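In what follows, a single structure is set out as structure tokens and then discussed.
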Amino acid sequence: MSQGNGPTRVSLVATYELGRQPFGIASPAAWLKEAGVEVITNDLSRQELRPEVLNSDLIAFHLPMHTATRLALPVIRRVRALAPRARLCAYGLYAGLNAAVLRDLGVEYVLGGEFEGELVKLACGHGGRKTASSAEGIQPRLRFRVPDRTGLPGLEKYASLQMPCGDRRVVGYTEASRGCKHRCRHCPIVPIYDGQFRVVPREVVIADIRSQVEAGAQHITFGDPDFFNGIGHAINLVREVNEEFPELTYDVTIKVEHLRRYEDKLNILRDTGCVFVVSAVESIDDDVLMKLEKGHTEADFEQVVSLCREIGLTLSPTFIPFTPWTTLRDYFELLQTIDRLELVEQVSPVQLTLRLLIPERSQLLDLIANDFGAWLSPFDRERLVYPWRHLDARVDRLQEGVTELVGKQLNIARTQMFEQIWKLAACELGEFGQPRTPVTPSRATVAYLNEPWYC
């Protein structure tokens with residue numbers, strides 16, 4: 001630990017980033033090193049807690065998502081006890097959402113979405129004790145640097161891309177933009193960015209991709225909340241990347257609304273190496289979609305399925321099938337729709353288990369007064385959500401059953417797991433349940449990332 005006026009050793013700690021090498025460590029590491037700060041990196045999803053971390057002046061935890069934050073809580077308690085002189089910081093979307101809980105654990109600094117500049121200020125002794133401004137409100141415009149992954153486990157240690165032919169590809173990760181123009185009611189980005197959107201310059205993104213290719217990456221995941229928020233930026237970027245790395249494949253996340261609006265651009269994704277597009281469909285119930293303010297309908301979703309299939313672009317839909325408004329019949333109709341649209345191979349089984357999360361500051365809390373439709377409990381400071389119980393206990397029982405079923409058989413073929421989920425749902429539904437008759441013979445599997453958890 002330094003003896004000067006400000007910290008000279010900073011540790012950046014990640015707990016879980018969906019099986020990926022943590023971009024949320026690599027990006028601030030570049031900024032801090034540029035400022036002359038000694039940086040220790042520690043990814044707890046692949047490493048034990050490093051002793052050097054405990055000898056740091058500032059220990060910063062990246063909290064980009066709900067699971068990462070829950071995993072971080074016991075680590076923060078442990079670090080606070082073992083390193084009482086270190087200053088603790090938490091940064092990322094879920095840091096801003098859970099500032100009160102984090103402060104009670106001894107975290108002095110809480111940063112939100114655009115955190116790199118504030119981290120440098122803290123490391124150089126210029127930060128105060130109050131929650132930093134980037135935790136909410138206007139997000140600063142940063143001059144992005146190329147991430148520095150020195151000291152992190154190699155890309156081969158992380159989740160890989162499973163190809164239909166059986167091959168596996170080493171996966172890298174980058175971001176071409178941050179924030180989001182949209183305000184979907186359930187999204188954790190909204191309380192932090194409030195419709196703000198930041199573009200990362202193409203030269204920075206391409207340099208980041210180049211360094212990962214040199215490190216062995218054969219596929220890149222673009223982690224933008226919505227890759228088509230800046231459509232011109234996105235299209236120019238994938239063209240440039242494909243020109244320099246014609247063998248490199250990639251995946252992106254795009255809203256149903258944008259897939260429809262920019263359907264004339266989808267062939268460009270296909271032709272530049274996009275192997276699949278993730279899209280947060282969430283529900284096939286138009287009433288639920290309206291409550292979530294998703295900006296699309298079931299008809300839009302089905303149109304996008306047709307569009308993607310027509311041009312040969314794999315769509316990977318994600319869902320939140322269990323909400324306060326979901327009935328048993330609704331869940332069974334979701335399974336029927338997935339089957340009818342021949343999407344069984346394209347939907348990860350874990351997507352059929354997910355329950356709506358209501359974190360602190362969620363826009364969903366606005367519905368409580370008139371249209372929430374469930375019993376809501378006070379905020380749980382360990383689970384970091386407002387727990388809710390469905391008015392129909394059978395729905396909660398089904399969600400628990402499907403979750404247990406999928407959790408015990410993570411490596412089973414998707415078609416086999418879907419069949420088991422169908423039978424479980426049909427059993428719970430009773431007389432309304434129907435035996436499954438596959439619409440088509442089993443289709444070839446599609447490319448997918450072999451990290452099953454997404455929340």
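Each chain of the structure tokens is named A, B, ... in the order shown, its residues numbered from 1; ligands are numbered from 1 in display order.
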Check: Which residues come within 10 Å of Lys294 of chain A, counting only C-alpha atoms, excluding same-chain residues fewer than 6 positions away, as JSON, numbers by chain?
Finding: {"A": [182, 183, 184, 185, 186, 187, 255, 256, 257, 280, 281, 282, 283, 286, 288]}
Margin query: List as a PyMOL selection string the protein and nucleic acid residues near His62 of chain A, meaning an atom at most 10 Å away when only C-alpha atoms are counted, but skip any in the same chain fewer than 6 places from it.
Written below: chain A and resi 12-17+22-25+43+68-69+72+89-95+111-112+115
I need the residues from that last selection saved to file as a short mmCIF file (atom, residue, chain, number, x, y, z; two decimals), in the first residue's frame (with C-alpha atoms), if you can.
data_model
loop_
_atom_site.label_atom_id
_atom_site.label_comp_id
_atom_site.auth_asym_id
_atom_site.auth_seq_id
_atom_site.Cartn_x
_atom_site.Cartn_y
_atom_site.Cartn_z
CA LEU A 12 -10.18 -4.04 -10.15
CA VAL A 13 -12.31 -7.02 -9.17
CA ALA A 14 -15.00 -8.81 -11.19
CA THR A 15 -17.23 -11.61 -9.94
CA TYR A 16 -19.18 -12.67 -13.02
CA GLU A 17 -19.63 -11.35 -16.55
CA PRO A 22 -14.41 -8.90 -18.05
CA PHE A 23 -14.54 -5.84 -20.27
CA GLY A 24 -15.50 -3.90 -17.14
CA ILE A 25 -11.99 -4.50 -15.80
CA ASP A 43 -11.60 -12.09 -12.09
CA ALA A 68 -22.51 -10.24 -10.33
CA THR A 69 -23.71 -7.96 -7.54
CA ALA A 72 -19.93 -9.56 -4.82
CA CYS A 89 -15.49 1.40 -4.66
CA ALA A 90 -18.28 -0.22 -6.66
CA TYR A 91 -18.99 0.69 -10.27
CA GLY A 92 -21.36 -0.36 -13.05
CA LEU A 93 -25.12 -0.41 -13.60
CA TYR A 94 -26.00 -2.38 -10.48
CA ALA A 95 -23.66 -0.37 -8.30
CA LEU A 111 -20.09 4.95 -9.74
CA GLY A 112 -22.70 4.26 -12.42
CA PHE A 115 -17.13 5.15 -14.66
#
Item checked: Ala123 of chain A environment, 10 Å, only C-alpha atoms, sequence neighbours closer than 4 positions dropped, as a list in words -> Gly6, Pro7, Thr8, Arg9, Val10, Leu32, Ala35, Gly36, Val37, Glu38, Asp57, Leu58, Ile59, Arg87, Gly117, Glu118, Leu119 and Gly127 of chain A
Checklist line | Near-segment 390-392 of chain A list (10 Å; only C-alpha atoms; drop same-chain fewer than 2 positions) as a ChimeraX atom specification | finding: /A:322-328,373-376,388,394-397
Next item on the list: Mind checking which residues fall within 7 Å of Val200 of chain A, counting only C-alpha atoms, ignoring those fewer than 4 positions away in the same chain, and posting them as a ChimeraX atom specification?
Entry: /A:144,176-177,204-205
Requested write-out: N, CA and C atoms of the selected residues, as a PDB file, in the first residue's frame:
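As written to disk, again-v4.pdb reads:
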ATOM      1  N   PHE A 144     -12.916   7.504 -25.044  1.00  0.00           N
ATOM      2  CA  PHE A 144     -12.657   6.098 -24.766  1.00  0.00           C
ATOM      3  C   PHE A 144     -11.243   5.678 -25.150  1.00  0.00           C
ATOM      4  N   ALA A 176     -19.455  -1.415 -28.724  1.00  0.00           N
ATOM      5  CA  ALA A 176     -19.401  -0.326 -29.697  1.00  0.00           C
ATOM      6  C   ALA A 176     -20.229   0.868 -29.252  1.00  0.00           C
ATOM      7  N   SER A 177     -21.018   0.682 -28.189  1.00  0.00           N
ATOM      8  CA  SER A 177     -21.831   1.771 -27.645  1.00  0.00           C
ATOM      9  C   SER A 177     -22.215   1.425 -26.217  1.00  0.00           C
ATOM     10  N   VAL A 204     -11.382   2.828 -31.884  1.00  0.00           N
ATOM     11  CA  VAL A 204     -11.144   2.217 -30.573  1.00  0.00           C
ATOM     12  C   VAL A 204     -11.680   0.786 -30.556  1.00  0.00           C
ATOM     13  N   VAL A 205     -12.876   0.590 -31.086  1.00  0.00           N
ATOM     14  CA  VAL A 205     -13.485  -0.744 -31.113  1.00  0.00           C
ATOM     15  C   VAL A 205     -12.649  -1.696 -31.960  1.00  0.00           C
TER      16      VAL A 205
END
Checklist line | Gly195 of chain A environment, 8 Å, only C-alpha atoms, sequence neighbours closer than 2 positions dropped, as a list in words | finding: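 Final neighbour list, sorted by chain and number: Gly179, Cys180, Lys181, His182, Arg183, Val190, Tyr193 and Phe197 of chain A.
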Next item on the list: List the neighbours of Pro51 of chain A out to 12 Å using only C-alpha atoms; skip same-chain residues closer than 4 positions along the sequence, and give me the result as JSON, numbers by chain.
Entry: {"A": [11, 40, 41, 42, 47, 55, 56, 79, 82, 83]}
Write out the residues from the selection above, keeping C-alpha atoms, as a PDB file, in the first residue's frame.
ATOM      1  CA  SER A  11      -7.336  -3.413  -7.719  1.00  0.00           C
ATOM      2  CA  ILE A  40      -4.113  -5.333 -10.169  1.00  0.00           C
ATOM      3  CA  THR A  41      -6.860  -7.275 -11.953  1.00  0.00           C
ATOM      4  CA  ASN A  42      -8.780 -10.155 -10.417  1.00  0.00           C
ATOM      5  CA  GLN A  47      -9.366 -16.917 -10.111  1.00  0.00           C
ATOM      6  CA  ASN A  55      -2.610  -4.557  -0.245  1.00  0.00           C
ATOM      7  CA  SER A  56      -4.208  -2.011  -2.557  1.00  0.00           C
ATOM      8  CA  VAL A  79     -12.303  -7.697   1.764  1.00  0.00           C
ATOM      9  CA  LEU A  82      -9.146  -8.277   5.640  1.00  0.00           C
ATOM     10  CA  ALA A  83      -8.173  -4.861   4.273  1.00  0.00           C
TER      11      ALA A  83
END
Note to self: Residues of segment 198-322 of chain A classed as strand (DSSP E) by DSSP on the backbone are to be reported as a list in words.
What the structure shows: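 Assigned to strand (DSSP E), within segment 198-322 of chain A: Arg198, Val199, His219, Ile220, Thr221, Phe222, Thr249, Tyr250, Asp251, Val252, Thr253, Cys274, Val275, Phe276, Val277, Val278, Ser279, Ala280, Val281, Glu282, Leu315, Ser316, Pro317, Thr318 and Phe319 of chain A.
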Notebook entry, point to check: Which of segment 284-347 of chain A counts as helix (DSSP H, G or I) under DSSP, as a count of residues only please?
Noted result: 37
Can you list every residue of segment 197-225 of chain A that has an atom at most 8 Å from segment 149-157 of chain A, with its nearest atom pair and the distance in Å to one decimal, using only C-alpha atoms, ordered by chain then number, as CSV?
residue,atom,partner,partner_atom,distance
A:Ala215,CA,A:Leu155,CA,7.3
A:Gly216,CA,A:Leu155,CA,7.2
A:Ala217,CA,A:Leu155,CA,7.0
Next item on the list: Rounded to one decimal place, report the atom CA of Gln336 of chain A-atom CA of Gly312 of chain A distance in Å.
Entry: 22.9 Å
Compile a residue-level contact table for segment 348-387 of chain A against segment 414-420 of chain A at a cut-off of 10 Å, reporting for every qualifying residue the shortest atom pair and its distance in Å to one decimal, with only C-alpha atoms counted, rows ordered by chain and ascending number, as CSV.
residue,atom,partner,partner_atom,distance
A:Ser348,CA,A:Arg414,CA,7.1
A:Pro349,CA,A:Arg414,CA,6.6
A:Val350,CA,A:Met417,CA,10.0
A:Leu352,CA,A:Phe418,CA,8.9
Atoms kept (N, CA and C atoms) for selection, written as a PDB file, in the first residue's frame:
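Now in part.pdb:
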ATOM      1  N   SER A 348     -32.313 -20.891 -25.685  1.00  0.00           N
ATOM      2  CA  SER A 348     -31.628 -21.568 -24.584  1.00  0.00           C
ATOM      3  C   SER A 348     -32.654 -21.976 -23.529  1.00  0.00           C
ATOM      4  N   PRO A 349     -32.609 -23.206 -23.033  1.00  0.00           N
ATOM      5  CA  PRO A 349     -33.597 -23.645 -22.039  1.00  0.00           C
ATOM      6  C   PRO A 349     -33.692 -22.740 -20.824  1.00  0.00           C
ATOM      7  N   VAL A 350     -32.577 -22.111 -20.436  1.00  0.00           N
ATOM      8  CA  VAL A 350     -32.637 -21.238 -19.264  1.00  0.00           C
ATOM      9  C   VAL A 350     -33.601 -20.084 -19.481  1.00  0.00           C
ATOM     10  N   LEU A 352     -36.477 -20.253 -20.524  1.00  0.00           N
ATOM     11  CA  LEU A 352     -37.830 -20.686 -20.174  1.00  0.00           C
ATOM     12  C   LEU A 352     -38.025 -20.793 -18.668  1.00  0.00           C
TER      13      LEU A 352
END
Notebook entry, point to check: When distances are computed from only C-alpha atoms, which of A:Asp224, A:Thr297, A:His219, A:Thr272 shows the smallest separation from Val238 of chain A?
Noted result: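 Looking only at the distances to Val238 of chain A, the closest residue turns out to be A:Thr272.
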Per residue of segment 33-99 of chain A within 9 Å of segment 353-359 of chain A, what are the shortest atom pair and its distance in Å to one decimal, counting only C-alpha atoms, with rows by chain and residue number, as JSON lines?
{"residue": "A:His66", "atom": "CA", "partner": "A:Pro359", "partner_atom": "CA", "distance": 8.3}
{"residue": "A:Tyr94", "atom": "CA", "partner": "A:Pro359", "partner_atom": "CA", "distance": 8.9}
{"residue": "A:Leu97", "atom": "CA", "partner": "A:Pro359", "partner_atom": "CA", "distance": 7.4}
{"residue": "A:Asn98", "atom": "CA", "partner": "A:Pro359", "partner_atom": "CA", "distance": 8.3}
